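Each remark here refers to the structure printed beneath this line.
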Amino acid sequence: MASGLRHFIDLSTVDAQDLRFMLDDARARKKRLKAGEREKPLEGKALAMIFDKPSTRTRVSFDVGMRQLGGETIMLTGAEMQLGRSETIADTAKVLSRYVDAIMIRTTAHERLLELAENATVPVINALTDDTHPCQIMADILTFEEHRGPVKDKLFAWTGDGNNVLHSLIEASARMDFRLNIAVPKGSEPDAKYVEWARANGGRITFTKTAEEAVADADCVVTDTWVSMGQEHRARGGNVFMPYQVNEALMKHARSDALFMHCLPAHRGEEVTDEVIDGPHSVVFDEAENRLHAQKAVLAWCLTR
Ligand code: CP
Ligand code: NVA
């Protein structure tokens, strides 16, 4: 990778101090925004946003966030670029770097993101791949800390599919020093390399047999769709995931003040019931809002020194 660039690839590729700086910065920027202050540190800067998969939150929050910071955005979809006619990622990275100040990409294989970052001469931001979703987890930590204070030593519980969002949560557990229980059905385990990295970096991760065991005394219960983008061939709502559904009975095992998180979009009646996602534990719309504030801090970290 071009030396000295601040890419935001994963929570494992950014050190804990920088992540903490961004979280604190996000909180401060949010406060100033709500107080009506306007600041334009990224005036004259442009962000290219490439989407190889659908998005509502990521697309709008990066677009609005960049504009709030005084910058501009260019929305691109892979299929409409020459990328879709097999121009290489490497050449695309080199060309875009001549026009814009940063590139954000949501794509399929994680290697595509890495290849983009290897060849770009501007910062590259991961807006979700098949493997990870670090911007989501930055927003989740920001949300947790707004409601419950420092995340250190708290207990998070994940129940459902072992997917990209979980991989970033696993990395966060090591970086931010919270405990993480995981309950997933056989065959849906997270990739072992994330667990190994986290454990090697002080992560406290426990796999449990049941969702009830995972959630016991948890400060925060997290789930996500059973069928991620690009996995539509997998059966939806299958019995195999039903024991991992977050419903009122499951939430009773968590602490009485536990938060419920979901990155959205939710499949109500599958991974979570209406009672929980619309209920008193749920902070899902705070999480969605905090995508904006967390990513503004990521953009500022990448683009200002
Ligand atoms: N949570 C999230 O990334 O949502 P979108 O797919 O709508 O961007
Ligand atoms: N795991 C989900 C997250 C969507 C924001 C997916 O990849 O589709």
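Each chain in the structure tokens gets a letter, A, B and so on, in the order shown; residues start at 1 in every chain, and ligands are counted from 1 in the order they appear.
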inquiry  = Need the shell around segment 265-268 of chain A: protein/DNA/RNA residues with any atom at most 10 Å away, counting only C-alpha atoms. Skip same-chain ones fewer than 3 positions apart. Format as a VMD selection string?
reply    = chain A and resid 55 to 57 223 to 227 236 to 237 262 271 to 277 284 288
Residue selection dump (C-alpha atoms) as a tab-separated table (two decimals), in the first residue's frame:
```
chain	number	residue	atom	x	y	z
A	55	SER	CA	-27.39	0.05	0.23
A	56	THR	CA	-29.65	2.54	1.96
A	57	ARG	CA	-27.83	3.59	5.15
A	223	THR	CA	-28.07	-10.04	15.50
A	224	ASP	CA	-28.32	-9.62	11.72
A	225	THR	CA	-30.06	-11.16	8.76
A	226	TRP	CA	-29.77	-14.93	8.29
A	227	VAL	CA	-29.20	-14.33	4.56
A	236	ARG	CA	-34.49	-18.08	4.38
A	237	GLY	CA	-36.26	-18.61	7.66
A	262	HIS	CA	-29.20	-4.79	14.49
A	271	GLU	CA	-33.86	-13.02	13.09
A	272	VAL	CA	-35.83	-10.61	15.31
A	273	THR	CA	-39.45	-10.15	16.30
A	274	ASP	CA	-41.38	-6.87	16.09
A	275	GLU	CA	-41.71	-6.84	19.90
A	276	VAL	CA	-37.93	-6.69	20.32
A	277	ILE	CA	-36.93	-4.42	17.44
A	284	VAL	CA	-31.49	0.23	16.02
A	288	ALA	CA	-28.48	3.90	11.88
```
request  = Just the residues within 12 Å of Ala192 of chain A, please, counting only C-alpha atoms, with nothing from its chain fewer than 2 positions along; format it as a PyMOL selection string.
outcome  = chain A and resi 131+162-163+166-167+170-171+188-190+194-199+205+207
query = Near Phe144 of chain A, counting only C-alpha atoms, which residues have an atom at most 12 Å away, once you skip same-chain residues fewer than 4 positions from it, shown as a count of residues only?
reply = 31
query = Pick from A:Asp217, A:Lys296, A:Lys252, A:Thr107: nearest to ligand 2, with only C-alpha atoms and all ligand atoms counted?
reply = A:Thr107
